[in-house]
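Scroll down for the structure; my scribbles are underneath it.
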Amino acid sequence: MSTAWEANRRTVLKAAAASAALAQVPAPTAAAAPADTRAAAAESGAEIVLRVNGEQRRLRVENRVTLLDALRERLGLTGTKKGCDRGECGACTVLVDGERIKSCLTLAVMRQNCEITTIEGLADGDRLHPVQAAFIRRDAFQCGGCTPGQIMSAVACIHEGHTGSAEEIREWMSGNLCRCAAYANIVHAVQDAAGEMRR
Ligand code: FES
Ligand code: FES
């Protein structure tokens, strides 16, 4: 064995031991932070106003807070669901200025001065929106986890005019996944509601 190889091996072993020792050092925890530091962190961020379901809602959020978290955790509008939290499932779909968006993919601070509609704002008083009524009539949900997002997406899909056939509805609703596979009944519900909303 060469001397150089042995020296290299010792260096690597020493480095590994140093890393292992570092890993034992506890990371600072939130609990260890002084109370006034934690309070200051909670108070940080911008004060913003969101217009949700026709109401102005004032809240303080850090810039990194998604619209989804602002709606659910700050405004208590938990009808909008969090599925994947990365734009893949559509559970968090809401309308912004009439267009469907995945609220986990946008920041609350970017949506000021917009009209935001969540599932809570869809019915007209006690009267359900035609899409909500059709979902119930057509038995278009099982666990209901995807349902608010499906309904919001369906409302936009109908307004966009993408309901010419079952295939077209499937294509334009394909951003909304249903782990219960209630797809056939969802398509029927969208067809029903589209027919009613055209009348
Ligand atoms: S939670 Fe937003 S797309 Fe899944
Ligand atoms: S009804 Fe369960 S995920 Fe769609």
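Ordering of the structure tokens sets the chain letters (A, B, ...), residue numbers begin anew at 1 in every chain, and ligands are numbered from 1 in the order given.
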
Per residue of chain A within 6 Å of ligand 2, what are the shortest atom pair and its distance in Å to one decimal, counting only C-alpha atoms and all ligand atoms, with rows by chain and residue number, as JSON lines?
{"residue": "A:Phe141", "atom": "CA", "partner": "ligand 2", "partner_atom_place_in_ligand_line": "1 (S)", "distance": 4.1}
{"residue": "A:Gln142", "atom": "CA", "partner": "ligand 2", "partner_atom_place_in_ligand_line": "1 (S)", "distance": 4.0}
{"residue": "A:Cys143", "atom": "CA", "partner": "ligand 2", "partner_atom_place_in_ligand_line": "2 (Fe)", "distance": 3.9}
{"residue": "A:Gly144", "atom": "CA", "partner": "ligand 2", "partner_atom_place_in_ligand_line": "1 (S)", "distance": 4.2}
{"residue": "A:Gly145", "atom": "CA", "partner": "ligand 2", "partner_atom_place_in_ligand_line": "3 (S)", "distance": 4.7}
{"residue": "A:Cys146", "atom": "CA", "partner": "ligand 2", "partner_atom_place_in_ligand_line": "4 (Fe)", "distance": 4.3}
{"residue": "A:Thr147", "atom": "CA", "partner": "ligand 2", "partner_atom_place_in_ligand_line": "4 (Fe)", "distance": 5.8}
{"residue": "A:Cys178", "atom": "CA", "partner": "ligand 2", "partner_atom_place_in_ligand_line": "4 (Fe)", "distance": 3.7}
{"residue": "A:Arg179", "atom": "CA", "partner": "ligand 2", "partner_atom_place_in_ligand_line": "3 (S)", "distance": 4.2}
{"residue": "A:Cys180", "atom": "CA", "partner": "ligand 2", "partner_atom_place_in_ligand_line": "2 (Fe)", "distance": 4.2}
{"residue": "A:Ala182", "atom": "CA", "partner": "ligand 2", "partner_atom_place_in_ligand_line": "1 (S)", "distance": 5.9}

Give me a file of those residues, with all heavy atoms, as an mmCIF file, in the first residue's frame.
data_model
loop_
_atom_site.group_PDB
_atom_site.id
_atom_site.type_symbol
_atom_site.label_atom_id
_atom_site.label_comp_id
_atom_site.auth_asym_id
_atom_site.auth_seq_id
_atom_site.Cartn_x
_atom_site.Cartn_y
_atom_site.Cartn_z
ATOM 1 N N PHE A 141 -69.459 12.311 -6.138
ATOM 2 C CA PHE A 141 -68.323 12.319 -5.189
ATOM 3 C C PHE A 141 -68.448 11.141 -4.239
ATOM 4 O O PHE A 141 -69.538 10.623 -4.009
ATOM 5 C CB PHE A 141 -68.272 13.630 -4.409
ATOM 6 C CG PHE A 141 -69.553 14.001 -3.715
ATOM 7 C CD1 PHE A 141 -69.779 13.614 -2.404
ATOM 8 C CD2 PHE A 141 -70.524 14.733 -4.369
ATOM 9 C CE1 PHE A 141 -70.948 13.966 -1.748
ATOM 10 C CE2 PHE A 141 -71.697 15.083 -3.729
ATOM 11 C CZ PHE A 141 -71.925 14.700 -2.421
ATOM 12 N N GLN A 142 -67.307 10.760 -3.722
ATOM 13 C CA GLN A 142 -67.293 9.672 -2.737
ATOM 14 C C GLN A 142 -66.735 10.206 -1.426
ATOM 15 O O GLN A 142 -67.484 10.624 -0.560
ATOM 16 C CB GLN A 142 -66.537 8.483 -3.302
ATOM 17 C CG GLN A 142 -67.302 7.878 -4.485
ATOM 18 C CD GLN A 142 -66.606 6.729 -5.137
ATOM 19 O OE1 GLN A 142 -65.995 5.902 -4.472
ATOM 20 N NE2 GLN A 142 -66.697 6.675 -6.459
ATOM 21 N N CYS A 143 -65.379 10.288 -1.318
ATOM 22 C CA CYS A 143 -64.844 10.834 -0.058
ATOM 23 C C CYS A 143 -65.037 12.350 0.007
ATOM 24 O O CYS A 143 -65.040 12.938 1.073
ATOM 25 C CB CYS A 143 -63.369 10.485 0.094
ATOM 26 S SG CYS A 143 -62.288 11.493 -0.940
ATOM 27 N N GLY A 144 -65.162 12.986 -1.149
ATOM 28 C CA GLY A 144 -65.374 14.442 -1.189
ATOM 29 C C GLY A 144 -64.094 15.258 -1.142
ATOM 30 O O GLY A 144 -64.152 16.484 -1.253
ATOM 31 N N GLY A 145 -62.960 14.601 -1.028
ATOM 32 C CA GLY A 145 -61.697 15.346 -0.912
ATOM 33 C C GLY A 145 -61.405 16.212 -2.125
ATOM 34 O O GLY A 145 -60.894 17.319 -2.004
ATOM 35 N N CYS A 146 -61.729 15.717 -3.290
ATOM 36 C CA CYS A 146 -61.436 16.476 -4.516
ATOM 37 C C CYS A 146 -62.593 17.375 -4.924
ATOM 38 O O CYS A 146 -62.462 18.186 -5.841
ATOM 39 C CB CYS A 146 -61.146 15.510 -5.662
ATOM 40 S SG CYS A 146 -62.636 14.660 -6.269
ATOM 41 N N THR A 147 -63.750 17.192 -4.263
ATOM 42 C CA THR A 147 -64.999 17.762 -4.781
ATOM 43 C C THR A 147 -65.024 19.288 -4.882
ATOM 44 O O THR A 147 -65.426 19.825 -5.926
ATOM 45 C CB THR A 147 -66.203 17.249 -3.956
ATOM 46 O OG1 THR A 147 -66.088 15.830 -3.855
ATOM 47 C CG2 THR A 147 -67.510 17.609 -4.618
ATOM 48 N N CYS A 178 -59.135 12.595 -9.043
ATOM 49 C CA CYS A 178 -60.042 12.044 -8.032
ATOM 50 C C CYS A 178 -59.520 10.670 -7.661
ATOM 51 O O CYS A 178 -59.573 9.745 -8.476
ATOM 52 C CB CYS A 178 -61.463 11.951 -8.585
ATOM 53 S SG CYS A 178 -62.612 11.144 -7.447
ATOM 54 N N ARG A 179 -59.052 10.541 -6.437
ATOM 55 C CA ARG A 179 -58.475 9.243 -6.046
ATOM 56 C C ARG A 179 -59.567 8.190 -5.878
ATOM 57 O O ARG A 179 -59.290 7.003 -5.850
ATOM 58 C CB ARG A 179 -57.637 9.379 -4.771
ATOM 59 C CG ARG A 179 -58.452 9.785 -3.581
ATOM 60 C CD ARG A 179 -57.600 10.094 -2.380
ATOM 61 N NE ARG A 179 -58.434 10.746 -1.385
ATOM 62 C CZ ARG A 179 -58.010 11.252 -0.259
ATOM 63 N NH1 ARG A 179 -56.722 11.198 0.013
ATOM 64 N NH2 ARG A 179 -58.826 11.811 0.593
ATOM 65 N N CYS A 180 -60.827 8.637 -5.745
ATOM 66 C CA CYS A 180 -61.943 7.682 -5.656
ATOM 67 C C CYS A 180 -62.453 7.306 -7.044
ATOM 68 O O CYS A 180 -63.376 6.501 -7.155
ATOM 69 C CB CYS A 180 -63.099 8.265 -4.861
ATOM 70 S SG CYS A 180 -62.677 8.746 -3.198
ATOM 71 N N ALA A 182 -64.302 8.945 -9.271
ATOM 72 C CA ALA A 182 -65.721 9.239 -9.513
ATOM 73 C C ALA A 182 -65.911 9.933 -10.868
ATOM 74 O O ALA A 182 -66.908 10.618 -11.084
ATOM 75 C CB ALA A 182 -66.250 10.127 -8.385
#

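Contact shell of A:His188 at 10 Å (only C-alpha atoms; same-chain neighbours under 4 positions omitted): Ala134, Phe135, Arg137, Arg138, Asp139, Ala140, Ala166, Ile169, Tyr183, Ala184, Asp192, Ala193 and Ala194 of chain A.
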
Handout entry: DSSP-assigned alpha helix (DSSP H) among stretch 14-193 of chain A, expressed as a ChimeraX atom specification
Key = /A:14-24,35-43,67-69,130-137,147-160,166-172,183-193

Chain A near ligand 1 within 7 Å: what's each residue's closest atom pair and its distance in Å to one decimal, counting only C-alpha atoms and all ligand atoms, ordered by chain then ascending residue number, as JSON lines?
{"residue": "A:Lys81", "atom": "CA", "partner": "ligand 1", "partner_atom_place_in_ligand_line": "1 (S)", "distance": 6.7}
{"residue": "A:Lys82", "atom": "CA", "partner": "ligand 1", "partner_atom_place_in_ligand_line": "1 (S)", "distance": 4.2}
{"residue": "A:Gly83", "atom": "CA", "partner": "ligand 1", "partner_atom_place_in_ligand_line": "1 (S)", "distance": 4.0}
{"residue": "A:Cys84", "atom": "CA", "partner": "ligand 1", "partner_atom_place_in_ligand_line": "4 (Fe)", "distance": 3.9}
{"residue": "A:Asp85", "atom": "CA", "partner": "ligand 1", "partner_atom_place_in_ligand_line": "1 (S)", "distance": 3.7}
{"residue": "A:Arg86", "atom": "CA", "partner": "ligand 1", "partner_atom_place_in_ligand_line": "3 (S)", "distance": 5.5}
{"residue": "A:Gly87", "atom": "CA", "partner": "ligand 1", "partner_atom_place_in_ligand_line": "3 (S)", "distance": 3.3}
{"residue": "A:Glu88", "atom": "CA", "partner": "ligand 1", "partner_atom_place_in_ligand_line": "3 (S)", "distance": 4.4}
{"residue": "A:Cys89", "atom": "CA", "partner": "ligand 1", "partner_atom_place_in_ligand_line": "4 (Fe)", "distance": 3.8}
{"residue": "A:Gly90", "atom": "CA", "partner": "ligand 1", "partner_atom_place_in_ligand_line": "3 (S)", "distance": 4.0}
{"residue": "A:Ala91", "atom": "CA", "partner": "ligand 1", "partner_atom_place_in_ligand_line": "4 (Fe)", "distance": 5.1}
{"residue": "A:Cys92", "atom": "CA", "partner": "ligand 1", "partner_atom_place_in_ligand_line": "2 (Fe)", "distance": 4.5}
{"residue": "A:Thr93", "atom": "CA", "partner": "ligand 1", "partner_atom_place_in_ligand_line": "2 (Fe)", "distance": 6.8}
{"residue": "A:Lys102", "atom": "CA", "partner": "ligand 1", "partner_atom_place_in_ligand_line": "2 (Fe)", "distance": 5.1}
{"residue": "A:Ser103", "atom": "CA", "partner": "ligand 1", "partner_atom_place_in_ligand_line": "2 (Fe)", "distance": 5.9}
{"residue": "A:Cys104", "atom": "CA", "partner": "ligand 1", "partner_atom_place_in_ligand_line": "2 (Fe)", "distance": 4.4}
{"residue": "A:Leu105", "atom": "CA", "partner": "ligand 1", "partner_atom_place_in_ligand_line": "2 (Fe)", "distance": 6.6}

Take the selection from the previous step and output its residues with N, CA and C atoms, as a PDB file, in the first residue's frame.
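Written output follows (part_17.pdb):
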ATOM      1  N   LYS A  81     -59.483  22.575  -0.539  1.00  0.00           N
ATOM      2  CA  LYS A  81     -58.684  21.488   0.041  1.00  0.00           C
ATOM      3  C   LYS A  81     -57.227  21.544  -0.390  1.00  0.00           C
ATOM      4  N   LYS A  82     -56.383  21.022   0.506  1.00  0.00           N
ATOM      5  CA  LYS A  82     -54.963  20.864   0.168  1.00  0.00           C
ATOM      6  C   LYS A  82     -54.701  19.381  -0.083  1.00  0.00           C
ATOM      7  N   GLY A  83     -54.370  19.054  -1.323  1.00  0.00           N
ATOM      8  CA  GLY A  83     -54.052  17.669  -1.654  1.00  0.00           C
ATOM      9  C   GLY A  83     -52.548  17.507  -1.716  1.00  0.00           C
ATOM     10  N   CYS A  84     -51.993  17.790  -2.888  1.00  0.00           N
ATOM     11  CA  CYS A  84     -50.555  17.584  -3.086  1.00  0.00           C
ATOM     12  C   CYS A  84     -49.728  18.791  -2.653  1.00  0.00           C
ATOM     13  N   ASP A  85     -50.305  19.988  -2.673  1.00  0.00           N
ATOM     14  CA  ASP A  85     -49.597  21.237  -2.363  1.00  0.00           C
ATOM     15  C   ASP A  85     -48.479  21.529  -3.361  1.00  0.00           C
ATOM     16  N   ARG A  86     -48.569  20.958  -4.571  1.00  0.00           N
ATOM     17  CA  ARG A  86     -47.547  21.263  -5.582  1.00  0.00           C
ATOM     18  C   ARG A  86     -48.110  21.257  -7.008  1.00  0.00           C
ATOM     19  N   GLY A  87     -49.373  21.596  -7.122  1.00  0.00           N
ATOM     20  CA  GLY A  87     -49.926  21.820  -8.462  1.00  0.00           C
ATOM     21  C   GLY A  87     -50.323  20.598  -9.249  1.00  0.00           C
ATOM     22  N   GLU A  88     -50.403  19.450  -8.601  1.00  0.00           N
ATOM     23  CA  GLU A  88     -50.655  18.242  -9.383  1.00  0.00           C
ATOM     24  C   GLU A  88     -52.084  17.719  -9.303  1.00  0.00           C
ATOM     25  N   CYS A  89     -52.818  18.036  -8.236  1.00  0.00           N
ATOM     26  CA  CYS A  89     -54.094  17.325  -8.035  1.00  0.00           C
ATOM     27  C   CYS A  89     -55.338  18.171  -8.292  1.00  0.00           C
ATOM     28  N   GLY A  90     -55.237  19.467  -8.187  1.00  0.00           N
ATOM     29  CA  GLY A  90     -56.400  20.328  -8.443  1.00  0.00           C
ATOM     30  C   GLY A  90     -57.346  20.493  -7.258  1.00  0.00           C
ATOM     31  N   ALA A  91     -57.039  19.870  -6.120  1.00  0.00           N
ATOM     32  CA  ALA A  91     -57.940  19.964  -4.956  1.00  0.00           C
ATOM     33  C   ALA A  91     -58.100  21.407  -4.480  1.00  0.00           C
ATOM     34  N   CYS A  92     -57.108  22.234  -4.752  1.00  0.00           N
ATOM     35  CA  CYS A  92     -57.084  23.602  -4.223  1.00  0.00           C
ATOM     36  C   CYS A  92     -57.616  24.635  -5.214  1.00  0.00           C
ATOM     37  N   THR A  93     -58.306  24.175  -6.264  1.00  0.00           N
ATOM     38  CA  THR A  93     -58.747  25.098  -7.320  1.00  0.00           C
ATOM     39  C   THR A  93     -59.740  26.141  -6.795  1.00  0.00           C
ATOM     40  N   LYS A 102     -54.826  27.045  -9.473  1.00  0.00           N
ATOM     41  CA  LYS A 102     -54.467  26.177  -8.349  1.00  0.00           C
ATOM     42  C   LYS A 102     -53.863  27.074  -7.277  1.00  0.00           C
ATOM     43  N   SER A 103     -54.576  27.189  -6.178  1.00  0.00           N
ATOM     44  CA  SER A 103     -54.186  28.197  -5.189  1.00  0.00           C
ATOM     45  C   SER A 103     -52.918  27.834  -4.432  1.00  0.00           C
ATOM     46  N   CYS A 104     -52.455  26.588  -4.569  1.00  0.00           N
ATOM     47  CA  CYS A 104     -51.180  26.223  -3.926  1.00  0.00           C
ATOM     48  C   CYS A 104     -49.996  26.719  -4.741  1.00  0.00           C
ATOM     49  N   LEU A 105     -50.257  27.182  -5.954  1.00  0.00           N
ATOM     50  CA  LEU A 105     -49.158  27.603  -6.833  1.00  0.00           C
ATOM     51  C   LEU A 105     -49.048  29.110  -6.977  1.00  0.00           C
TER      52      LEU A 105
END

Exercise for the section: Considering only C-alpha atoms, state which residue in the set A:Glu160, A:Gln56, A:Arg74, A:Gln132 is at the smallest distance from A:Trp172. Expected result: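 Checking each of A:Glu160, A:Gln56, A:Arg74, A:Gln132 against A:Trp172, counting only C-alpha atoms, the winner is A:Glu160.
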
Exercise for the section: Do a neighbour search on A:Thr106 at 9 Å with only C-alpha atoms, toss out local chain neighbours closer than 5 positions, and write the hits as a ChimeraX atom specification. Expected result: /A:65-68,101,111

A:Glu62 environment, 8 Å, only C-alpha atoms, sequence neighbours closer than 2 positions dropped, as an mmCIF file with N, CA and C atoms, in the first residue's frame:
data_model
loop_
_atom_site.group_PDB
_atom_site.id
_atom_site.type_symbol
_atom_site.label_atom_id
_atom_site.label_comp_id
_atom_site.auth_asym_id
_atom_site.auth_seq_id
_atom_site.Cartn_x
_atom_site.Cartn_y
_atom_site.Cartn_z
ATOM 1 N N SER A 44 -44.095 39.525 11.387
ATOM 2 C CA SER A 44 -43.432 40.007 10.178
ATOM 3 C C SER A 44 -44.331 39.755 8.971
ATOM 4 N N GLY A 45 -43.944 40.298 7.837
ATOM 5 C CA GLY A 45 -44.750 40.122 6.641
ATOM 6 C C GLY A 45 -45.573 41.359 6.354
ATOM 7 N N ALA A 46 -46.286 41.256 5.258
ATOM 8 C CA ALA A 46 -47.020 42.427 4.800
ATOM 9 C C ALA A 46 -48.486 42.331 5.189
ATOM 10 N N ARG A 60 -52.346 39.687 7.735
ATOM 11 C CA ARG A 60 -50.901 39.888 7.659
ATOM 12 C C ARG A 60 -50.269 38.558 7.275
ATOM 13 N N ARG A 64 -44.072 34.614 1.461
ATOM 14 C CA ARG A 64 -44.009 33.257 0.912
ATOM 15 C C ARG A 64 -45.299 32.464 1.115
ATOM 16 N N VAL A 65 -46.301 33.061 1.762
ATOM 17 C CA VAL A 65 -47.540 32.317 2.051
ATOM 18 C C VAL A 65 -48.380 32.164 0.778
#

Exercise for the section: Please report, as a ChimeraX atom specification, each residue of stretch 41-116 of chain A to which DSSP assigns strand (DSSP E or B) when run on this structure's backbone. Expected result: /A:46-52,55-61,66,93-96,99-102,107,115-116

Using N, CA, C and O atoms, can you write the selected residues to a file as a JSON list (two decimals), in the first residue's frame?
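The result, stored in selection-v1.json:
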[["chain", "number", "residue", "atom", "x", "y", "z"],
["A", 46, "ALA", "N", -46.29, 41.26, 5.26],
["A", 46, "ALA", "CA", -47.02, 42.43, 4.80],
["A", 46, "ALA", "C", -48.49, 42.33, 5.19],
["A", 46, "ALA", "O", -49.05, 41.25, 5.28],
["A", 47, "GLU", "N", -49.08, 43.50, 5.42],
["A", 47, "GLU", "CA", -50.52, 43.50, 5.63],
["A", 47, "GLU", "C", -51.16, 43.63, 4.24],
["A", 47, "GLU", "O", -50.81, 44.53, 3.48],
["A", 48, "ILE", "N", -52.03, 42.70, 3.93],
["A", 48, "ILE", "CA", -52.65, 42.73, 2.60],
["A", 48, "ILE", "C", -54.17, 42.66, 2.74],
["A", 48, "ILE", "O", -54.69, 42.31, 3.81],
["A", 49, "VAL", "N", -54.83, 42.99, 1.66],
["A", 49, "VAL", "CA", -56.30, 42.88, 1.63],
["A", 49, "VAL", "C", -56.66, 41.97, 0.47],
["A", 49, "VAL", "O", -56.23, 42.19, -0.66],
["A", 50, "LEU", "N", -57.40, 40.92, 0.78],
["A", 50, "LEU", "CA", -57.88, 40.02, -0.27],
["A", 50, "LEU", "C", -59.40, 40.19, -0.37],
["A", 50, "LEU", "O", -60.07, 40.32, 0.66],
["A", 51, "ARG", "N", -59.89, 40.18, -1.57],
["A", 51, "ARG", "CA", -61.34, 40.24, -1.76],
["A", 51, "ARG", "C", -61.82, 38.82, -2.04],
["A", 51, "ARG", "O", -61.60, 38.28, -3.12],
["A", 52, "VAL", "N", -62.46, 38.23, -1.04],
["A", 52, "VAL", "CA", -62.85, 36.82, -1.15],
["A", 52, "VAL", "C", -64.35, 36.69, -1.00],
["A", 52, "VAL", "O", -64.93, 37.16, 0.00],
["A", 55, "GLU", "N", -66.16, 39.81, -0.10],
["A", 55, "GLU", "CA", -65.82, 40.55, 1.13],
["A", 55, "GLU", "C", -64.35, 40.91, 1.15],
["A", 55, "GLU", "O", -63.51, 40.11, 0.74],
["A", 56, "GLN", "N", -64.06, 42.11, 1.66],
["A", 56, "GLN", "CA", -62.66, 42.51, 1.84],
["A", 56, "GLN", "C", -62.14, 41.84, 3.10],
["A", 56, "GLN", "O", -62.75, 42.01, 4.16],
["A", 57, "ARG", "N", -61.04, 41.14, 3.01],
["A", 57, "ARG", "CA", -60.47, 40.49, 4.18],
["A", 57, "ARG", "C", -59.03, 40.98, 4.36],
["A", 57, "ARG", "O", -58.21, 40.84, 3.45],
["A", 58, "ARG", "N", -58.78, 41.56, 5.53],
["A", 58, "ARG", "CA", -57.44, 42.12, 5.80],
["A", 58, "ARG", "C", -56.65, 41.07, 6.59],
["A", 58, "ARG", "O", -57.18, 40.48, 7.53],
["A", 59, "LEU", "N", -55.42, 40.84, 6.22],
["A", 59, "LEU", "CA", -54.61, 39.87, 6.96],
["A", 59, "LEU", "C", -53.13, 40.19, 6.79],
["A", 59, "LEU", "O", -52.74, 40.90, 5.86],
["A", 60, "ARG", "N", -52.35, 39.69, 7.73],
["A", 60, "ARG", "CA", -50.90, 39.89, 7.66],
["A", 60, "ARG", "C", -50.27, 38.56, 7.28],
["A", 60, "ARG", "O", -50.50, 37.54, 7.92],
["A", 61, "VAL", "N", -49.53, 38.56, 6.18],
["A", 61, "VAL", "CA", -48.89, 37.32, 5.74],
["A", 61, "VAL", "C", -47.45, 37.58, 5.34],
["A", 61, "VAL", "O", -47.12, 38.67, 4.86],
["A", 66, "THR", "N", -48.78, 30.93, 0.51],
["A", 66, "THR", "CA", -49.57, 30.70, -0.70],
["A", 66, "THR", "C", -51.00, 31.19, -0.49],
["A", 66, "THR", "O", -51.46, 31.32, 0.65],
["A", 93, "THR", "N", -58.31, 24.18, -6.26],
["A", 93, "THR", "CA", -58.75, 25.10, -7.32],
["A", 93, "THR", "C", -59.74, 26.14, -6.79],
["A", 93, "THR", "O", -60.70, 25.80, -6.11],
["A", 94, "VAL", "N", -59.48, 27.39, -7.12],
["A", 94, "VAL", "CA", -60.41, 28.49, -6.81],
["A", 94, "VAL", "C", -60.50, 29.35, -8.08],
["A", 94, "VAL", "O", -59.72, 29.18, -9.02],
["A", 95, "LEU", "N", -61.46, 30.25, -8.08],
["A", 95, "LEU", "CA", -61.56, 31.18, -9.21],
["A", 95, "LEU", "C", -60.92, 32.50, -8.82],
["A", 95, "LEU", "O", -61.18, 33.02, -7.72],
["A", 96, "VAL", "N", -60.12, 33.03, -9.71],
["A", 96, "VAL", "CA", -59.54, 34.36, -9.52],
["A", 96, "VAL", "C", -59.89, 35.17, -10.76],
["A", 96, "VAL", "O", -59.52, 34.79, -11.88],
["A", 99, "GLU", "N", -61.23, 33.04, -13.47],
["A", 99, "GLU", "CA", -60.43, 31.97, -14.06],
["A", 99, "GLU", "C", -60.02, 30.98, -12.98],
["A", 99, "GLU", "O", -59.72, 31.38, -11.86],
["A", 100, "ARG", "N", -59.97, 29.72, -13.34],
["A", 100, "ARG", "CA", -59.58, 28.71, -12.34],
["A", 100, "ARG", "C", -58.06, 28.71, -12.17],
["A", 100, "ARG", "O", -57.33, 28.73, -13.15],
["A", 101, "ILE", "N", -57.64, 28.69, -10.94],
["A", 101, "ILE", "CA", -56.21, 28.57, -10.69],
["A", 101, "ILE", "C", -56.00, 27.60, -9.52],
["A", 101, "ILE", "O", -56.91, 27.38, -8.72],
["A", 102, "LYS", "N", -54.83, 27.04, -9.47],
["A", 102, "LYS", "CA", -54.47, 26.18, -8.35],
["A", 102, "LYS", "C", -53.86, 27.07, -7.28],
["A", 102, "LYS", "O", -52.78, 27.65, -7.46],
["A", 107, "LEU", "N", -49.01, 33.05, -4.77],
["A", 107, "LEU", "CA", -48.81, 33.68, -3.47],
["A", 107, "LEU", "C", -49.96, 34.64, -3.16],
["A", 107, "LEU", "O", -50.46, 35.33, -4.06],
["A", 115, "GLU", "N", -60.79, 39.38, -7.70],
["A", 115, "GLU", "CA", -62.01, 38.78, -7.16],
["A", 115, "GLU", "C", -61.74, 37.29, -6.97],
["A", 115, "GLU", "O", -61.59, 36.56, -7.97],
["A", 116, "ILE", "N", -61.68, 36.87, -5.73],
["A", 116, "ILE", "CA", -61.39, 35.45, -5.46],
["A", 116, "ILE", "C", -62.70, 34.77, -5.05],
["A", 116, "ILE", "O", -63.42, 35.28, -4.18]]

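The coordinates place atom CA of A:Asn176 at 18.0 Å from atom CA of A:Thr78.
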
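Interatomic distance, atom CA of A:Leu128 to atom CA of A:Glu73: 25.0 Å.
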